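Below: coords18.csv (CSV, C-alpha atoms)
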```csv
chain,number,residue,atom,x,y,z
A,11,MET,CA,-31.9,-60.7,-15.9
A,12,LYS,CA,-34.6,-59.7,-18.5
A,13,LYS,CA,-36.5,-57.8,-15.7
A,14,PHE,CA,-33.3,-55.9,-14.8
A,15,VAL,CA,-32.7,-55.0,-18.5
A,16,TRP,CA,-36.2,-53.8,-18.9
A,17,ALA,CA,-36.0,-51.8,-15.7
A,18,VAL,CA,-32.9,-50.1,-17.0
A,19,VAL,CA,-34.5,-49.4,-20.4
A,20,THR,CA,-37.6,-48.0,-18.7
A,21,VAL,CA,-35.5,-45.6,-16.6
A,22,LEU,CA,-33.5,-44.5,-19.7
A,23,VAL,CA,-36.6,-43.9,-21.7
A,24,GLY,CA,-38.1,-41.9,-18.9
A,25,ALA,CA,-35.0,-39.8,-18.6
A,26,VAL,CA,-35.0,-39.1,-22.3
A,27,LEU,CA,-38.6,-38.1,-22.2
A,28,ILE,CA,-38.1,-35.8,-19.2
A,29,ALA,CA,-35.1,-34.2,-21.0
A,30,ALA,CA,-37.1,-33.7,-24.1
A,31,ILE,CA,-40.0,-32.1,-22.2
A,32,GLY,CA,-37.5,-29.8,-20.4
A,33,LEU,CA,-35.9,-28.8,-23.7
A,34,GLY,CA,-39.4,-28.1,-25.1
A,35,PHE,CA,-40.3,-25.8,-22.3
A,36,HIS,CA,-36.9,-24.1,-22.5
A,37,ASP,CA,-37.5,-23.4,-26.2
A,38,GLN,CA,-40.9,-21.8,-25.3
A,39,GLN,CA,-39.3,-19.4,-22.8
A,40,TYR,CA,-39.7,-15.8,-23.8
A,41,SER,CA,-36.6,-14.1,-25.0
A,42,SER,CA,-36.6,-10.4,-25.4
A,43,PRO,CA,-35.4,-9.3,-28.8
A,44,TYR,CA,-33.6,-6.4,-27.1
A,45,GLY,CA,-31.9,-8.3,-24.4
A,46,THR,CA,-31.2,-6.8,-21.0
A,47,GLU,CA,-31.6,-3.1,-20.5
A,48,VAL,CA,-28.8,-1.7,-18.4
A,49,ALA,CA,-29.6,1.3,-16.2
A,50,LYS,CA,-27.7,4.5,-17.3
A,51,SER,CA,-25.2,6.0,-14.8
A,52,VAL,CA,-25.7,9.7,-14.1
A,53,GLY,CA,-23.1,10.3,-11.5
A,54,MET,CA,-23.4,10.4,-7.7
A,55,ILE,CA,-26.2,11.4,-5.4
A,56,THR,CA,-26.5,12.1,-1.6
A,57,VAL,CA,-29.4,10.6,0.3
A,58,ASN,CA,-29.7,11.1,4.1
A,59,GLY,CA,-26.1,12.2,4.2
A,60,LYS,CA,-24.7,9.2,2.4
A,61,GLN,CA,-23.4,9.1,-1.2
A,62,TYR,CA,-24.5,6.6,-3.7
A,63,GLN,CA,-24.0,5.9,-7.4
A,64,HIS,CA,-27.0,7.2,-9.2
A,65,VAL,CA,-28.5,5.4,-12.2
A,66,VAL,CA,-31.7,5.9,-14.4
A,67,LEU,CA,-33.9,3.1,-15.7
A,68,ASN,CA,-36.7,3.6,-18.2
A,69,LEU,CA,-39.9,1.5,-18.2
A,70,VAL,CA,-42.9,1.6,-20.6
A,71,THR,CA,-46.3,-0.1,-20.3
A,72,GLU,CA,-48.4,-0.4,-23.5
A,73,PRO,CA,-52.1,-1.4,-23.8
A,74,SER,CA,-51.3,-3.8,-26.6
A,75,ALA,CA,-48.4,-6.1,-27.2
A,76,GLN,CA,-48.9,-5.5,-30.9
A,77,GLY,CA,-47.1,-2.7,-32.8
A,78,THR,CA,-44.2,-0.6,-32.0
A,79,THR,CA,-43.1,2.0,-29.4
A,80,SER,CA,-42.6,5.7,-30.1
A,81,ASN,CA,-39.0,4.7,-30.9
A,82,GLY,CA,-40.1,2.2,-33.6
A,83,GLN,CA,-39.1,-0.8,-31.5
A,84,ILE,CA,-41.4,-3.9,-31.5
A,85,ILE,CA,-43.4,-4.0,-28.3
A,86,HIS,CA,-43.4,-7.8,-27.9
A,87,PRO,CA,-42.5,-10.6,-30.4
A,88,GLY,CA,-45.8,-12.4,-29.4
A,89,GLY,CA,-47.7,-9.4,-30.7
A,90,ASN,CA,-51.0,-10.3,-28.9
A,91,PRO,CA,-53.2,-7.3,-29.5
A,92,SER,CA,-55.5,-8.0,-26.5
A,93,TRP,CA,-52.6,-8.3,-24.0
A,94,PRO,CA,-50.8,-5.3,-22.4
A,95,ALA,CA,-47.0,-5.5,-22.1
A,96,TYR,CA,-44.0,-3.9,-20.5
A,97,ALA,CA,-41.8,-2.8,-23.4
A,98,VAL,CA,-39.4,-3.3,-25.0
A,99,THR,CA,-37.8,-5.8,-22.7
A,100,ASN,CA,-38.6,-7.5,-19.4
A,101,GLU,CA,-34.9,-7.9,-18.4
A,102,TYR,CA,-33.2,-5.1,-16.5
A,103,GLN,CA,-29.8,-4.6,-14.8
A,104,ILE,CA,-28.9,-2.2,-12.0
A,105,PRO,CA,-25.9,-1.9,-9.7
A,106,ALA,CA,-26.1,-3.0,-6.0
A,107,ASN,CA,-26.5,-0.5,-3.3
A,108,ALA,CA,-27.2,2.4,-5.6
A,109,VAL,CA,-29.9,5.0,-6.0
A,110,VAL,CA,-32.1,3.9,-9.0
A,111,THR,CA,-34.4,6.5,-10.5
A,112,VAL,CA,-37.1,4.9,-12.7
A,113,LYS,CA,-38.9,6.9,-15.4
A,114,TRP,CA,-42.0,5.0,-16.3
A,115,SER,CA,-44.2,5.9,-19.2
A,116,GLN,CA,-47.7,4.4,-18.6
A,117,TYR,CA,-50.1,4.2,-21.5
A,118,ASP,CA,-52.6,1.6,-20.5
A,119,SER,CA,-56.1,1.6,-19.0
A,120,GLY,CA,-57.0,-0.3,-15.8
A,121,GLY,CA,-59.4,-0.4,-12.9
A,122,VAL,CA,-59.6,-1.5,-9.3
A,123,VAL,CA,-56.6,-3.3,-7.8
A,124,ASN,CA,-57.4,-6.5,-5.9
A,125,ASN,CA,-55.5,-5.3,-2.8
A,126,PRO,CA,-55.3,-1.6,-1.9
A,127,TYR,CA,-51.9,-2.3,-0.4
A,128,PHE,CA,-50.6,-2.1,-3.9
A,129,ALA,CA,-52.1,1.4,-4.5
A,130,LYS,CA,-49.3,3.0,-2.5
A,131,PRO,CA,-45.6,3.2,-3.2
A,132,ARG,CA,-43.6,0.8,-1.1
A,133,GLY,CA,-39.8,0.9,-0.7
A,134,THR,CA,-39.3,4.2,-2.5
A,135,ILE,CA,-37.1,7.0,-1.2
A,136,GLY,CA,-39.3,9.2,0.9
A,137,GLY,CA,-42.3,6.9,0.4
A,138,ILE,CA,-43.4,8.8,-2.6
A,139,GLU,CA,-43.7,8.6,-6.4
A,140,ARG,CA,-44.2,11.5,-8.8
A,141,VAL,CA,-47.0,11.4,-11.3
A,142,ASN,CA,-46.5,13.9,-14.1
A,143,GLY,CA,-44.1,15.8,-11.8
A,144,LYS,CA,-46.4,15.9,-8.8
A,145,PRO,CA,-45.3,14.0,-5.7
A,146,VAL,CA,-47.9,11.6,-4.3
A,147,THR,CA,-48.1,9.0,-1.6
A,148,GLY,CA,-50.5,6.8,-3.5
A,149,VAL,CA,-52.9,6.3,-6.4
A,150,ALA,CA,-56.7,5.8,-6.0
A,151,ALA,CA,-57.3,2.0,-5.7
A,152,ASP,CA,-59.8,2.3,-8.6
A,153,ASN,CA,-57.4,4.1,-10.8
A,154,ILE,CA,-54.6,1.5,-11.2
A,155,ALA,CA,-53.3,0.4,-14.6
A,156,HIS,CA,-50.2,-1.6,-13.5
A,157,THR,CA,-47.7,-1.9,-10.7
A,158,PHE,CA,-44.0,-2.5,-10.8
A,159,THR,CA,-43.4,-4.8,-7.9
A,160,LEU,CA,-39.8,-6.1,-7.2
A,161,ARG,CA,-38.5,-8.7,-4.8
A,162,GLY,CA,-35.5,-11.0,-4.5
A,163,GLU,CA,-35.5,-14.6,-5.6
A,164,PRO,CA,-35.6,-17.0,-2.6
A,165,GLY,CA,-32.6,-16.4,-0.4
A,166,VAL,CA,-31.7,-13.1,-2.1
A,167,ASP,CA,-32.0,-10.1,0.2
A,168,PRO,CA,-35.3,-11.1,1.8
A,169,ARG,CA,-35.8,-7.7,3.4
A,170,PHE,CA,-35.9,-5.9,0.0
A,171,PHE,CA,-39.3,-5.1,-1.4
A,172,LEU,CA,-40.4,-2.4,-3.8
A,173,SER,CA,-43.8,-1.8,-5.3
A,174,VAL,CA,-45.1,1.3,-7.2
A,175,PRO,CA,-48.5,1.8,-8.7
A,176,GLY,CA,-49.1,3.4,-12.1
A,177,PRO,CA,-52.3,5.3,-12.7
A,178,ILE,CA,-54.6,4.8,-15.7
A,179,SER,CA,-53.7,6.5,-18.9
A,180,LYS,CA,-55.2,9.9,-19.6
A,181,LEU,CA,-57.2,8.3,-22.4
A,182,GLY,CA,-58.6,5.6,-20.1
A,183,ASP,CA,-60.2,2.7,-22.0
A,184,ASN,CA,-59.4,4.5,-25.2
A,185,ALA,CA,-55.7,4.2,-24.5
A,186,GLU,CA,-53.4,3.7,-27.5
A,187,ASN,CA,-49.8,2.7,-27.7
A,188,ASN,CA,-47.6,5.8,-27.0
A,189,LYS,CA,-50.6,8.1,-26.6
A,190,GLY,CA,-52.2,9.8,-23.5
A,191,GLY,CA,-49.6,8.5,-21.1
A,192,GLN,CA,-48.8,9.2,-17.5
A,193,LEU,CA,-45.2,9.8,-16.5
A,194,VAL,CA,-44.4,8.0,-13.2
A,195,GLN,CA,-41.1,8.6,-11.6
A,196,PHE,CA,-39.7,7.2,-8.4
A,197,SER,CA,-36.3,6.4,-6.8
A,198,PHE,CA,-35.2,3.6,-4.5
A,199,ILE,CA,-32.0,2.2,-3.1
A,200,SER,CA,-31.1,-1.2,-4.7
A,201,GLY,CA,-30.4,-4.3,-2.7
A,202,LYS,CA,-27.6,-6.8,-2.5
A,203,PRO,CA,-26.2,-8.5,-5.7
A,204,GLY,CA,-28.4,-11.3,-7.0
A,205,LEU,CA,-31.4,-12.1,-9.2
A,206,TYR,CA,-34.6,-10.3,-8.4
A,207,VAL,CA,-38.0,-10.8,-10.0
A,208,TRP,CA,-40.6,-8.2,-10.9
A,209,ASN,CA,-44.2,-8.4,-11.8
A,210,CYS,CA,-47.5,-6.5,-12.0
A,211,GLU,CA,-49.9,-6.8,-9.1
A,212,PHE,CA,-52.9,-5.4,-11.0
A,213,PRO,CA,-55.2,-8.2,-12.2
A,214,CYS,CA,-55.1,-7.4,-15.9
A,215,GLY,CA,-55.5,-10.9,-17.1
A,216,LEU,CA,-58.3,-13.5,-17.2
A,217,SER,CA,-59.3,-16.6,-15.1
A,218,VAL,CA,-59.0,-16.7,-11.3
A,219,GLY,CA,-58.8,-13.3,-9.8
A,220,GLY,CA,-57.7,-11.8,-13.2
A,221,PHE,CA,-54.2,-13.4,-12.9
A,222,GLY,CA,-54.4,-15.8,-15.8
A,223,ALA,CA,-53.6,-15.3,-19.5
A,224,VAL,CA,-51.2,-12.3,-19.9
A,225,MET,CA,-50.4,-12.3,-16.1
A,226,SER,CA,-49.3,-15.9,-16.1
A,227,SER,CA,-47.4,-15.7,-19.4
A,228,TYR,CA,-43.8,-14.8,-18.7
A,229,GLY,CA,-42.5,-11.8,-20.6
A,230,TYR,CA,-45.5,-9.5,-20.6
A,231,MET,CA,-46.2,-8.6,-17.0
A,232,SER,CA,-43.1,-10.2,-15.3
A,233,GLY,CA,-39.4,-10.4,-15.7
A,234,HIS,CA,-36.0,-10.2,-14.0
A,235,MET,CA,-33.9,-7.5,-12.4
A,236,HIS,CA,-30.2,-8.4,-12.4
A,237,VAL,CA,-28.5,-6.6,-9.5
A,238,VAL,CA,-24.7,-6.6,-10.0
```
Could I get this file's structure written as C-alpha cells?
Amino acid sequence: MKKFVWAVVTVLVGAVLIAAIGLGFHDQQYSSPYGTEVAKSVGMITVNGKQYQHVVLNLVTEPSAQGTTSNGQIIHPGGNPSWPAYAVTNEYQIPANAVVTVKWSQYDSGGVVNNPYFAKPRGTIGGIERVNGKPVTGVAADNIAHTFTLRGEPGVDPRFFLSVPGPISKLGDNAENNKGGQLVQFSFISGKPGLYVWNCEFPCGLSVGGFGAVMSSYGYMSGHMHVV
C-alpha cells in the first residue's frame, strides 16, 4: 500500500513540476506591446481577370532592438542594442484569399545569405518585388539584410509559400534606426484561413550557421500571420 501511495505522490509531484515549468516558459514568451497589426483594406483589385479584396500591410526592420521607430514607438521591449528586430510587432493579420501589398522599410545592414534560393522573391504576384520603386526579380546574394518568409503551420495550406529578400540599407554597416532605408514593396495572394508563421532566412544571429541568438529568440526575427 505504501508503495502505491508513494507512486501516486511521485506522479502528482512530477505533474506539478511539469505544470510549473510550462507556466514559466509561458511567462517568458514574447508579447508585443502593440498587439496584432491588422492589414488596412484599400478596396478591390483585379489580378489575372479575377477580383480580390486588397489590403496593405507595413513592415519595418531595424538594425537595433533598442530605441524607437520614426513614429516614436518602442522597437522591442527587450531593447537589445546588438540585435536587429522587426518592428513594432511580430504579429500580423490579413484576410484569406486576398491580395496583400506589403510595404517594407528596411534599415539594417547584412551580408551573404546562406542559400541563394532566398535571394529571389518567391510566391509574389508576377514573381517580382520593387526596391525603391524599381521592379526586380531578385537581390544579389551578398547584399541581403533580411528576408520575410511565410508558410503555414503544419496542416495549414501546405502549398502556400512566400519569401522576399530585403537588400542592405543604403548606409550598410553604418545603418541607424530609421535612417538610410530601402523601401521594398511586393504583393501576394493570401492562402486559406489559419495560423501561418514567418521568419527571416538571413543568418543574422550567432552560433551554428548564424541562426542562434536573435534568430532563435522568438519576437525579433519571427512571428505569426493570422489569416482570417
Env of Pro105 (chain A): 10 Å cut, atoms = all atoms listed in the file, seq-sep filter 6 positions within chain, self excluded. Answer as a ChimeraX atom specification. /A:48-49,51,63-65,199-203,236-238
In Å and to one decimal, CA of Gln195 (chain A) is distant from CA of Gly165 (chain A) by 28.7 Å
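CA of Asp118 (chain A) sits 17.9 Å away from CA of Gly88 (chain A).
When only C-alpha atoms are used to compute distances to Ala97 (chain A), the closest of the residues A:Gln192, A:Ser179, A:Ser226, A:Ser80 turns out to be A:Ser80.
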Hey, which of A:Ala223, A:Ala150, A:Cys210, A:Val110 ends up closest to Tyr96 (chain A)? Count all atoms listed in the file. A:Cys210
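In this model, the gap between CA of Val109 (chain A) and CA of Met231 (chain A) comes to 23.9 Å.
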Find the residues near Pro168 (chain A): any atom within 12 Å, counting all atoms listed in the file, skip ones fewer than 2 places away on the same chain, and give them as a VMD selection string. chain A and resid 160 to 166 170 to 172 201 to 202 204 to 206
Can you patch up region 207-218 of chain A, filling it in to N, CA and C atoms, and show the result as a PDB file, in the frame of the given file?
```
ATOM      1  N   VAL A 207     -36.921 -10.618  -9.043  1.00  0.00           N
ATOM      2  CA  VAL A 207     -38.000 -10.800 -10.000  1.00  0.00           C
ATOM      3  C   VAL A 207     -38.999  -9.613  -9.821  1.00  0.00           C
ATOM      4  N   TRP A 208     -39.570  -9.188 -10.929  1.00  0.00           N
ATOM      5  CA  TRP A 208     -40.600  -8.200 -10.900  1.00  0.00           C
ATOM      6  C   TRP A 208     -41.864  -8.663 -11.540  1.00  0.00           C
ATOM      7  N   ASN A 209     -42.976  -8.104 -11.138  1.00  0.00           N
ATOM      8  CA  ASN A 209     -44.200  -8.400 -11.800  1.00  0.00           C
ATOM      9  C   ASN A 209     -45.238  -7.316 -11.527  1.00  0.00           C
ATOM     10  N   CYS A 210     -46.361  -7.406 -12.201  1.00  0.00           N
ATOM     11  CA  CYS A 210     -47.500  -6.500 -12.000  1.00  0.00           C
ATOM     12  C   CYS A 210     -48.474  -7.103 -11.064  1.00  0.00           C
ATOM     13  N   GLU A 211     -48.976  -6.321 -10.101  1.00  0.00           N
ATOM     14  CA  GLU A 211     -49.900  -6.800  -9.100  1.00  0.00           C
ATOM     15  C   GLU A 211     -51.371  -6.384  -9.447  1.00  0.00           C
ATOM     16  N   PHE A 212     -51.552  -5.697 -10.574  1.00  0.00           N
ATOM     17  CA  PHE A 212     -52.900  -5.400 -11.000  1.00  0.00           C
ATOM     18  C   PHE A 212     -53.452  -6.527 -11.821  1.00  0.00           C
ATOM     19  N   PRO A 213     -54.666  -7.016 -11.538  1.00  0.00           N
ATOM     20  CA  PRO A 213     -55.200  -8.200 -12.200  1.00  0.00           C
ATOM     21  C   PRO A 213     -55.669  -7.874 -13.649  1.00  0.00           C
ATOM     22  N   CYS A 214     -54.711  -7.753 -14.571  1.00  0.00           N
ATOM     23  CA  CYS A 214     -55.100  -7.400 -15.900  1.00  0.00           C
ATOM     24  C   CYS A 214     -55.198  -8.554 -16.876  1.00  0.00           C
ATOM     25  N   GLY A 215     -55.342  -9.756 -16.299  1.00  0.00           N
ATOM     26  CA  GLY A 215     -55.500 -10.900 -17.100  1.00  0.00           C
ATOM     27  C   GLY A 215     -56.895 -11.521 -17.020  1.00  0.00           C
ATOM     28  N   LEU A 216     -57.010 -12.816 -17.263  1.00  0.00           N
ATOM     29  CA  LEU A 216     -58.300 -13.500 -17.200  1.00  0.00           C
ATOM     30  C   LEU A 216     -58.241 -14.579 -16.115  1.00  0.00           C
ATOM     31  N   SER A 217     -59.273 -15.404 -16.044  1.00  0.00           N
ATOM     32  CA  SER A 217     -59.300 -16.600 -15.100  1.00  0.00           C
ATOM     33  C   SER A 217     -59.368 -16.122 -13.683  1.00  0.00           C
ATOM     34  N   VAL A 218     -58.821 -16.936 -12.784  1.00  0.00           N
ATOM     35  CA  VAL A 218     -59.000 -16.700 -11.300  1.00  0.00           C
ATOM     36  C   VAL A 218     -58.379 -15.417 -10.887  1.00  0.00           C
TER      37      VAL A 218
END
```
